[in-house]
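Have a look at protein-v7.pdb; it's PDB, C-alpha atoms and all ligand atoms:
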```
ATOM      1  CA  MET J   4      73.592 144.403  69.837  1.00  0.00           C
ATOM      2  CA  TYR J   5      72.867 145.675  66.385  1.00  0.00           C
ATOM      3  CA  HIS J   6      76.058 145.402  64.344  1.00  0.00           C
ATOM      4  CA  GLY J   7      78.992 143.436  65.695  1.00  0.00           C
ATOM      5  CA  ARG J   8      82.135 145.401  66.242  1.00  0.00           C
ATOM      6  CA  ARG J   9      80.715 148.886  65.872  1.00  0.00           C
ATOM      7  CA  ALA J  10      77.960 148.057  68.293  1.00  0.00           C
ATOM      8  CA  PHE J  11      80.580 146.717  70.667  1.00  0.00           C
ATOM      9  CA  LEU J  12      82.557 149.966  70.450  1.00  0.00           C
ATOM     10  CA  ARG J  13      79.467 152.008  71.060  1.00  0.00           C
ATOM     11  CA  ALA J  14      78.437 149.803  73.939  1.00  0.00           C
ATOM     12  CA  GLY J  15      81.699 150.934  75.521  1.00  0.00           C
ATOM     13  CA  SER J  16      80.813 154.608  75.223  1.00  0.00           C
ATOM     14  CA  ALA J  17      77.237 153.878  76.289  1.00  0.00           C
ATOM     15  CA  ALA J  18      78.631 152.471  79.509  1.00  0.00           C
ATOM     16  CA  LEU J  19      80.487 155.758  80.038  1.00  0.00           C
ATOM     17  CA  PHE J  20      77.618 158.067  79.210  1.00  0.00           C
ATOM     18  CA  GLY J  21      74.767 155.928  80.422  1.00  0.00           C
ATOM     19  CA  GLY J  22      72.828 155.611  77.175  1.00  0.00           C
ATOM     20  CA  PHE J  23      72.919 154.196  73.680  1.00  0.00           C
ATOM     21  CA  VAL J  24      74.099 156.978  71.372  1.00  0.00           C
ATOM     22  CA  TYR J  25      73.727 156.820  67.615  1.00  0.00           C
ATOM     23  CA  PRO J  26      76.273 158.653  65.478  1.00  0.00           C
ATOM     24  CA  SER J  27      75.451 162.281  64.735  1.00  0.00           C
ATOM     25  CA  PHE J  28      76.832 162.629  61.213  1.00  0.00           C
ATOM     26  CA  ALA J  29      75.229 164.908  58.612  1.00  0.00           C
ATOM     27  CA  LEU J  30      73.604 164.024  55.307  1.00  0.00           C
ATOM     28  CA  ALA J  31      76.779 164.874  53.365  1.00  0.00           C
ATOM     29  CA  ASP J  32      78.625 162.195  55.323  1.00  0.00           C
ATOM     30  CA  VAL J  33      76.167 159.403  54.645  1.00  0.00           C
ATOM     31  CA  ALA J  34      75.013 160.159  51.114  1.00  0.00           C
ATOM     32  CA  LYS J  35      77.839 161.777  49.174  1.00  0.00           C
ATOM     33  CA  ASP J  36      76.922 160.495  45.709  1.00  0.00           C
ATOM     34  CA  VAL J  37      73.513 158.889  46.028  1.00  0.00           C
ATOM     35  CA  ARG J  38      70.525 159.290  48.316  1.00  0.00           C
ATOM     36  CA  SER J  39      68.034 156.466  48.311  1.00  0.00           C
ATOM     37  CA  LEU J  40      65.030 155.392  50.333  1.00  0.00           C
ATOM     38  CA  ALA J  41      63.174 152.157  50.944  1.00  0.00           C
ATOM     39  CA  LEU J  42      59.476 152.780  51.495  1.00  0.00           C
ATOM     40  CA  ASN J  43      56.602 150.442  52.227  1.00  0.00           C
ATOM     41  CA  ASN J  44      53.090 151.866  52.084  1.00  0.00           C
ATOM     42  CA  ILE J  45      51.269 149.696  54.621  1.00  0.00           C
ATOM     43  CA  HIS J  46      47.824 150.617  53.261  1.00  0.00           C
ATOM     44  CA  THR J  47      48.396 149.768  49.609  1.00  0.00           C
ATOM     45  CA  GLY J  48      51.187 147.198  49.957  1.00  0.00           C
ATOM     46  CA  GLU J  49      53.338 149.192  47.511  1.00  0.00           C
ATOM     47  CA  ARG J  50      57.066 148.977  48.154  1.00  0.00           C
ATOM     48  CA  MET J  51      60.058 150.582  46.530  1.00  0.00           C
ATOM     49  CA  THR J  52      63.736 151.077  47.062  1.00  0.00           C
ATOM     50  CA  ILE J  53      64.729 154.053  44.984  1.00  0.00           C
ATOM     51  CA  ALA J  54      67.619 156.450  44.474  1.00  0.00           C
ATOM     52  CA  TYR J  55      66.079 159.925  44.341  1.00  0.00           C
ATOM     53  CA  TRP J  56      69.225 162.100  44.317  1.00  0.00           C
ATOM     54  CA  GLU J  57      72.477 161.565  42.535  1.00  0.00           C
ATOM     55  CA  LYS J  58      75.634 163.659  42.246  1.00  0.00           C
ATOM     56  CA  GLY J  59      74.076 166.892  43.372  1.00  0.00           C
ATOM     57  CA  ALA J  60      70.643 166.682  41.749  1.00  0.00           C
ATOM     58  CA  TYR J  61      67.237 165.264  42.545  1.00  0.00           C
ATOM     59  CA  ILE J  62      65.973 162.711  40.011  1.00  0.00           C
ATOM     60  CA  PRO J  63      62.570 163.846  38.668  1.00  0.00           C
ATOM     61  CA  ASP J  64      61.288 160.364  37.741  1.00  0.00           C
ATOM     62  CA  ALA J  65      62.187 159.054  41.176  1.00  0.00           C
ATOM     63  CA  LEU J  66      60.431 161.953  42.892  1.00  0.00           C
ATOM     64  CA  THR J  67      57.336 161.275  40.777  1.00  0.00           C
ATOM     65  CA  ALA J  68      57.352 157.629  41.868  1.00  0.00           C
ATOM     66  CA  ILE J  69      57.796 158.576  45.522  1.00  0.00           C
ATOM     67  CA  ASN J  70      55.021 161.167  45.316  1.00  0.00           C
ATOM     68  CA  HIS J  71      52.742 158.458  43.956  1.00  0.00           C
ATOM     69  CA  LEU J  72      53.603 155.940  46.665  1.00  0.00           C
ATOM     70  CA  LEU J  73      53.027 158.585  49.357  1.00  0.00           C
ATOM     71  CA  ARG J  74      49.703 159.763  47.877  1.00  0.00           C
ATOM     72  CA  ASP J  75      46.462 159.983  49.844  1.00  0.00           C
ATOM     73  CA  TYR J  76      45.485 156.320  49.549  1.00  0.00           C
ATOM     74  CA  ARG J  77      41.854 157.104  50.416  1.00  0.00           C
ATOM     75  CA  ASN J  78      41.204 159.066  47.231  1.00  0.00           C
ATOM     76  CA  ASN J  79      44.443 158.635  45.261  1.00  0.00           C
ATOM     77  CA  GLU J  80      45.222 162.359  45.259  1.00  0.00           C
ATOM     78  CA  VAL J  81      48.921 162.939  44.615  1.00  0.00           C
ATOM     79  CA  HIS J  82      50.896 165.898  45.935  1.00  0.00           C
ATOM     80  CA  VAL J  83      54.545 166.884  45.715  1.00  0.00           C
ATOM     81  CA  ILE J  84      56.462 165.618  48.741  1.00  0.00           C
ATOM     82  CA  GLU J  85      59.103 168.101  49.888  1.00  0.00           C
ATOM     83  CA  THR J  86      62.593 166.877  49.030  1.00  0.00           C
ATOM     84  CA  GLY J  87      63.699 168.127  52.438  1.00  0.00           C
ATOM     85  CA  LEU J  88      61.447 165.506  54.011  1.00  0.00           C
ATOM     86  CA  LEU J  89      63.050 162.774  51.905  1.00  0.00           C
ATOM     87  CA  ASP J  90      66.484 163.975  52.986  1.00  0.00           C
ATOM     88  CA  LEU J  91      65.361 163.959  56.612  1.00  0.00           C
ATOM     89  CA  LEU J  92      64.294 160.314  56.199  1.00  0.00           C
ATOM     90  CA  THR J  93      67.610 159.428  54.559  1.00  0.00           C
ATOM     91  CA  LEU J  94      69.549 160.927  57.427  1.00  0.00           C
ATOM     92  CA  LEU J  95      67.299 159.355  60.050  1.00  0.00           C
ATOM     93  CA  HIS J  96      67.677 155.923  58.453  1.00  0.00           C
ATOM     94  CA  ALA J  97      71.462 156.274  58.335  1.00  0.00           C
ATOM     95  CA  ARG J  98      71.738 157.438  61.912  1.00  0.00           C
ATOM     96  CA  LEU J  99      69.681 154.470  63.059  1.00  0.00           C
ATOM     97  CA  GLU J 100      71.801 152.133  60.932  1.00  0.00           C
ATOM     98  CA  SER J 101      68.567 150.448  59.941  1.00  0.00           C
ATOM     99  CA  SER J 102      68.347 147.956  57.110  1.00  0.00           C
ATOM    100  CA  ALA J 103      64.539 147.881  57.042  1.00  0.00           C
ATOM    101  CA  PRO J 104      62.264 149.950  54.811  1.00  0.00           C
ATOM    102  CA  PHE J 105      60.274 152.775  56.341  1.00  0.00           C
ATOM    103  CA  GLU J 106      56.757 151.551  56.926  1.00  0.00           C
ATOM    104  CA  VAL J 107      54.561 154.471  55.949  1.00  0.00           C
ATOM    105  CA  ILE J 108      51.339 154.947  57.872  1.00  0.00           C
ATOM    106  CA  SER J 109      50.521 158.343  56.377  1.00  0.00           C
ATOM    107  CA  GLY J 110      52.218 160.546  53.800  1.00  0.00           C
ATOM    108  CA  TYR J 111      50.239 163.122  51.854  1.00  0.00           C
ATOM    109  CA  ARG J 112      46.730 163.829  53.101  1.00  0.00           C
ATOM    110  CA  SER J 113      44.280 165.709  50.937  1.00  0.00           C
ATOM    111  CA  PRO J 114      42.297 168.481  52.656  1.00  0.00           C
ATOM    112  CA  ALA J 115      39.173 166.271  52.519  1.00  0.00           C
ATOM    113  CA  THR J 116      40.899 163.332  54.209  1.00  0.00           C
ATOM    114  CA  ASN J 117      42.553 165.532  56.793  1.00  0.00           C
ATOM    115  CA  ALA J 118      39.261 167.209  57.687  1.00  0.00           C
ATOM    116  CA  MET J 119      37.644 163.782  58.096  1.00  0.00           C
ATOM    117  CA  LEU J 120      40.479 162.524  60.322  1.00  0.00           C
ATOM    118  CA  HIS J 121      40.523 165.757  62.315  1.00  0.00           C
ATOM    119  CA  ALA J 122      36.819 165.377  63.045  1.00  0.00           C
ATOM    120  CA  GLU J 123      37.455 161.810  64.278  1.00  0.00           C
ATOM    121  CA  SER J 124      40.587 162.361  66.328  1.00  0.00           C
ATOM    122  CA  HIS J 125      42.165 165.040  68.488  1.00  0.00           C
ATOM    123  CA  GLY J 126      45.532 163.675  67.346  1.00  0.00           C
ATOM    124  CA  VAL J 127      45.054 165.098  63.842  1.00  0.00           C
ATOM    125  CA  ALA J 128      45.716 168.810  63.423  1.00  0.00           C
ATOM    126  CA  ALA J 129      43.310 170.884  61.312  1.00  0.00           C
ATOM    127  CA  LYS J 130      46.262 172.511  59.525  1.00  0.00           C
ATOM    128  CA  SER J 131      48.387 169.409  59.272  1.00  0.00           C
ATOM    129  CA  LEU J 132      51.682 169.570  57.383  1.00  0.00           C
ATOM    130  CA  HIS J 133      50.586 166.263  55.797  1.00  0.00           C
ATOM    131  CA  MET J 134      48.416 168.461  53.535  1.00  0.00           C
ATOM    132  CA  HIS J 135      51.542 170.165  52.190  1.00  0.00           C
ATOM    133  CA  GLY J 136      53.675 167.095  51.558  1.00  0.00           C
ATOM    134  CA  MET J 137      55.862 168.144  54.478  1.00  0.00           C
ATOM    135  CA  ALA J 138      55.051 165.357  56.975  1.00  0.00           C
ATOM    136  CA  ILE J 139      55.100 161.576  57.208  1.00  0.00           C
ATOM    137  CA  ASP J 140      54.128 158.998  59.834  1.00  0.00           C
ATOM    138  CA  ILE J 141      56.565 156.078  59.989  1.00  0.00           C
ATOM    139  CA  ARG J 142      58.011 153.130  61.840  1.00  0.00           C
ATOM    140  CA  LEU J 143      60.912 150.713  61.245  1.00  0.00           C
ATOM    141  CA  ALA J 144      60.621 146.966  61.833  1.00  0.00           C
ATOM    142  CA  ASP J 145      64.232 146.677  63.025  1.00  0.00           C
ATOM    143  CA  ARG J 146      64.308 149.540  65.527  1.00  0.00           C
ATOM    144  CA  PRO J 147      62.220 150.195  68.657  1.00  0.00           C
ATOM    145  CA  LEU J 148      59.733 153.030  68.227  1.00  0.00           C
ATOM    146  CA  ASP J 149      61.153 154.998  71.158  1.00  0.00           C
ATOM    147  CA  VAL J 150      64.630 154.877  69.594  1.00  0.00           C
ATOM    148  CA  LEU J 151      63.219 156.098  66.280  1.00  0.00           C
ATOM    149  CA  HIS J 152      61.497 158.864  68.210  1.00  0.00           C
ATOM    150  CA  THR J 153      64.483 160.106  70.212  1.00  0.00           C
ATOM    151  CA  THR J 154      66.807 159.902  67.213  1.00  0.00           C
ATOM    152  CA  ALA J 155      64.405 161.961  65.085  1.00  0.00           C
ATOM    153  CA  ARG J 156      64.023 164.482  67.885  1.00  0.00           C
ATOM    154  CA  ASP J 157      67.769 164.802  68.399  1.00  0.00           C
ATOM    155  CA  MET J 158      68.256 165.732  64.728  1.00  0.00           C
ATOM    156  CA  ARG J 159      66.310 168.972  65.326  1.00  0.00           C
ATOM    157  CA  LEU J 160      65.282 169.232  61.675  1.00  0.00           C
ATOM    158  CA  GLY J 161      61.553 169.784  62.180  1.00  0.00           C
ATOM    159  CA  GLY J 162      58.533 168.616  64.130  1.00  0.00           C
ATOM    160  CA  VAL J 163      58.444 165.192  65.778  1.00  0.00           C
ATOM    161  CA  GLY J 164      55.357 163.566  67.294  1.00  0.00           C
ATOM    162  CA  TYR J 165      55.329 160.318  69.273  1.00  0.00           C
ATOM    163  CA  TYR J 166      52.318 158.011  68.925  1.00  0.00           C
ATOM    164  CA  PRO J 167      53.242 154.783  70.728  1.00  0.00           C
ATOM    165  CA  SER J 168      49.648 153.530  70.991  1.00  0.00           C
ATOM    166  CA  ALA J 169      49.281 153.761  67.208  1.00  0.00           C
ATOM    167  CA  ASP J 170      52.864 152.515  66.701  1.00  0.00           C
ATOM    168  CA  PHE J 171      54.300 155.348  64.647  1.00  0.00           C
ATOM    169  CA  VAL J 172      56.393 158.504  64.825  1.00  0.00           C
ATOM    170  CA  HIS J 173      55.410 161.657  62.938  1.00  0.00           C
ATOM    171  CA  VAL J 174      58.232 163.678  61.403  1.00  0.00           C
ATOM    172  CA  ASP J 175      57.903 166.876  59.397  1.00  0.00           C
ATOM    173  CA  VAL J 176      59.998 169.668  57.940  1.00  0.00           C
ATOM    174  CA  GLY J 177      58.085 172.411  59.677  1.00  0.00           C
ATOM    175  CA  ARG J 178      59.411 174.304  62.643  1.00  0.00           C
ATOM    176  CA  VAL J 179      61.327 172.331  65.295  1.00  0.00           C
ATOM    177  CA  ARG J 180      58.774 171.260  67.931  1.00  0.00           C
ATOM    178  CA  TYR J 181      57.925 168.119  69.843  1.00  0.00           C
ATOM    179  CA  TRP J 182      54.786 166.449  71.097  1.00  0.00           C
TER     180      TRP J 182
HETATM  181 ZN    ZN A 201      51.679 162.830  61.102  1.00  0.00          ZN
END
```
Show this structure as structure tokens.
Amino acid sequence: MYHGRRAFLRAGSAALFGGFVYPSFALADVAKDVRSLALNNIHTGERMTIAYWEKGAYIPDALTAINHLLRDYRNNEVHVIETGLLDLLTLLHARLESSAPFEVISGYRSPATNAMLHAESHGVAAKSLHMHGMAIDIRLADRPLDVLHTTARDMRLGGVGYYPSADFVHVDVGRVRYW
């Protein structure tokens, strides 16, 4: 069980409905005054826990720091990461009731890096949303990958791809679609 009494209460409803169901609250419920993210770039070892939105406004310095952490680590190219993607991560983290940072496998990908990866792997789209700062590949140390996957999918906020052999889930703020 994940969290004592609340987990116990949910275990009761899971017995009724036959599955473990995470709460389905919206961003406004979980982050009224502050939105923050904990990110761990597994390639560079950079970590941060940072508030990026406060009292109705995004914080420019925080967005700059996040953009840098999520840069293309192969050539250090930095690109703006869509704030909608950050909000998606905030909501996903809250719904999972995780206390671990997001481990980031891939954030921004420059066109050069994406073309190289596309040539190597059928799993990498030629017109990837990673090239627009609209996609991120993640996992969480304290939640099973399949739970991360189904929770992201159930939010219906964009694309979700499941890559169990590589141990990550892709989420993006493009059109709602699953693979
Ligand atoms: Zn991806």
Residues within 7 Å of ligand ZN 201 (chain A) (only C-alpha atoms and all ligand atoms), as a ChimeraX atom specification?
/J:109,133,138-140,173-174
Answer key for the PyMOL selection byres (((chain J and resi 58-75) around 8) and not hetatm), residues as a PDB file with C-alpha atoms, in the coordinates of the input:
```
ATOM      1  CA  LYS J  35      77.839 161.777  49.174  1.00  0.00           C
ATOM      2  CA  ASP J  36      76.922 160.495  45.709  1.00  0.00           C
ATOM      3  CA  VAL J  37      73.513 158.889  46.028  1.00  0.00           C
ATOM      4  CA  ASN J  44      53.090 151.866  52.084  1.00  0.00           C
ATOM      5  CA  GLU J  49      53.338 149.192  47.511  1.00  0.00           C
ATOM      6  CA  ARG J  50      57.066 148.977  48.154  1.00  0.00           C
ATOM      7  CA  ILE J  53      64.729 154.053  44.984  1.00  0.00           C
ATOM      8  CA  ALA J  54      67.619 156.450  44.474  1.00  0.00           C
ATOM      9  CA  TYR J  55      66.079 159.925  44.341  1.00  0.00           C
ATOM     10  CA  TRP J  56      69.225 162.100  44.317  1.00  0.00           C
ATOM     11  CA  GLU J  57      72.477 161.565  42.535  1.00  0.00           C
ATOM     12  CA  TYR J  76      45.485 156.320  49.549  1.00  0.00           C
ATOM     13  CA  ARG J  77      41.854 157.104  50.416  1.00  0.00           C
ATOM     14  CA  ASN J  78      41.204 159.066  47.231  1.00  0.00           C
ATOM     15  CA  ASN J  79      44.443 158.635  45.261  1.00  0.00           C
ATOM     16  CA  GLU J  80      45.222 162.359  45.259  1.00  0.00           C
ATOM     17  CA  VAL J  81      48.921 162.939  44.615  1.00  0.00           C
ATOM     18  CA  HIS J  82      50.896 165.898  45.935  1.00  0.00           C
ATOM     19  CA  VAL J  83      54.545 166.884  45.715  1.00  0.00           C
ATOM     20  CA  ILE J  84      56.462 165.618  48.741  1.00  0.00           C
ATOM     21  CA  VAL J 107      54.561 154.471  55.949  1.00  0.00           C
ATOM     22  CA  SER J 109      50.521 158.343  56.377  1.00  0.00           C
ATOM     23  CA  GLY J 110      52.218 160.546  53.800  1.00  0.00           C
ATOM     24  CA  TYR J 111      50.239 163.122  51.854  1.00  0.00           C
ATOM     25  CA  ARG J 112      46.730 163.829  53.101  1.00  0.00           C
ATOM     26  CA  SER J 113      44.280 165.709  50.937  1.00  0.00           C
ATOM     27  CA  THR J 116      40.899 163.332  54.209  1.00  0.00           C
TER      28      THR J 116
END
```
Axis-aligned box for range 105-111 of chain J, 3 Å per side, centre and edges in Å as AutoDock Vina command-line options:
```
--center_x 55.3 --center_y 157.3 --center_z 54.9 --size_x 16.0 --size_y 17.6 --size_z 12.0
```
To test your reading of the syntax: which residues would the PyMOL selection byres (((chain J and resi 93-98) around 12) and not hetatm) return for the file shown? Reply as a PyMOL selection string.
chain J and resi 24-35+37-42+52-56+86-92+99-106+141-146+150-160+172+174
Given the selection you just returned, output its residues as a file containing C-alpha atoms, formatted as an mmCIF file, keeping the file's coordinate frame.
```
data_model
loop_
_atom_site.group_PDB
_atom_site.id
_atom_site.type_symbol
_atom_site.label_atom_id
_atom_site.label_comp_id
_atom_site.auth_asym_id
_atom_site.auth_seq_id
_atom_site.Cartn_x
_atom_site.Cartn_y
_atom_site.Cartn_z
ATOM 1 C CA VAL J 24 74.099 156.978 71.372
ATOM 2 C CA TYR J 25 73.727 156.820 67.615
ATOM 3 C CA PRO J 26 76.273 158.653 65.478
ATOM 4 C CA SER J 27 75.451 162.281 64.735
ATOM 5 C CA PHE J 28 76.832 162.629 61.213
ATOM 6 C CA ALA J 29 75.229 164.908 58.612
ATOM 7 C CA LEU J 30 73.604 164.024 55.307
ATOM 8 C CA ALA J 31 76.779 164.874 53.365
ATOM 9 C CA ASP J 32 78.625 162.195 55.323
ATOM 10 C CA VAL J 33 76.167 159.403 54.645
ATOM 11 C CA ALA J 34 75.013 160.159 51.114
ATOM 12 C CA LYS J 35 77.839 161.777 49.174
ATOM 13 C CA VAL J 37 73.513 158.889 46.028
ATOM 14 C CA ARG J 38 70.525 159.290 48.316
ATOM 15 C CA SER J 39 68.034 156.466 48.311
ATOM 16 C CA LEU J 40 65.030 155.392 50.333
ATOM 17 C CA ALA J 41 63.174 152.157 50.944
ATOM 18 C CA LEU J 42 59.476 152.780 51.495
ATOM 19 C CA THR J 52 63.736 151.077 47.062
ATOM 20 C CA ILE J 53 64.729 154.053 44.984
ATOM 21 C CA ALA J 54 67.619 156.450 44.474
ATOM 22 C CA TYR J 55 66.079 159.925 44.341
ATOM 23 C CA TRP J 56 69.225 162.100 44.317
ATOM 24 C CA THR J 86 62.593 166.877 49.030
ATOM 25 C CA GLY J 87 63.699 168.127 52.438
ATOM 26 C CA LEU J 88 61.447 165.506 54.011
ATOM 27 C CA LEU J 89 63.050 162.774 51.905
ATOM 28 C CA ASP J 90 66.484 163.975 52.986
ATOM 29 C CA LEU J 91 65.361 163.959 56.612
ATOM 30 C CA LEU J 92 64.294 160.314 56.199
ATOM 31 C CA LEU J 99 69.681 154.470 63.059
ATOM 32 C CA GLU J 100 71.801 152.133 60.932
ATOM 33 C CA SER J 101 68.567 150.448 59.941
ATOM 34 C CA SER J 102 68.347 147.956 57.110
ATOM 35 C CA ALA J 103 64.539 147.881 57.042
ATOM 36 C CA PRO J 104 62.264 149.950 54.811
ATOM 37 C CA PHE J 105 60.274 152.775 56.341
ATOM 38 C CA GLU J 106 56.757 151.551 56.926
ATOM 39 C CA ILE J 141 56.565 156.078 59.989
ATOM 40 C CA ARG J 142 58.011 153.130 61.840
ATOM 41 C CA LEU J 143 60.912 150.713 61.245
ATOM 42 C CA ALA J 144 60.621 146.966 61.833
ATOM 43 C CA ASP J 145 64.232 146.677 63.025
ATOM 44 C CA ARG J 146 64.308 149.540 65.527
ATOM 45 C CA VAL J 150 64.630 154.877 69.594
ATOM 46 C CA LEU J 151 63.219 156.098 66.280
ATOM 47 C CA HIS J 152 61.497 158.864 68.210
ATOM 48 C CA THR J 153 64.483 160.106 70.212
ATOM 49 C CA THR J 154 66.807 159.902 67.213
ATOM 50 C CA ALA J 155 64.405 161.961 65.085
ATOM 51 C CA ARG J 156 64.023 164.482 67.885
ATOM 52 C CA ASP J 157 67.769 164.802 68.399
ATOM 53 C CA MET J 158 68.256 165.732 64.728
ATOM 54 C CA ARG J 159 66.310 168.972 65.326
ATOM 55 C CA LEU J 160 65.282 169.232 61.675
ATOM 56 C CA VAL J 172 56.393 158.504 64.825
ATOM 57 C CA VAL J 174 58.232 163.678 61.403
#
```
In Å, how far is it from CA of Ser131 in chain J to CA of Tyr181 in chain J?
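These two atoms are separated by 14.3 Å.
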What separation in Å, quoted to one decimal, exists between CA of Ala122 in chain J and CA of Asp170 in chain J?
20.9 Å
What is the CA of Pro114 in chain J to CA of Gly126 in chain J distance in Å?
15.8 Å
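Near Asp175 in chain J, within a cut-off of 6 Å and counting all atoms listed in the file, sit the residues Met137, Ala138, Gly161 and Gly162 of chain J, with same-chain residues fewer than 5 positions away left out.
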Using all atoms listed in the file, pick whichever of J:Asn43, J:Gly177, J:Glu85, J:Gly48 has the shortest atom-to-atom distance to Gly136 in chain J.
J:Glu85
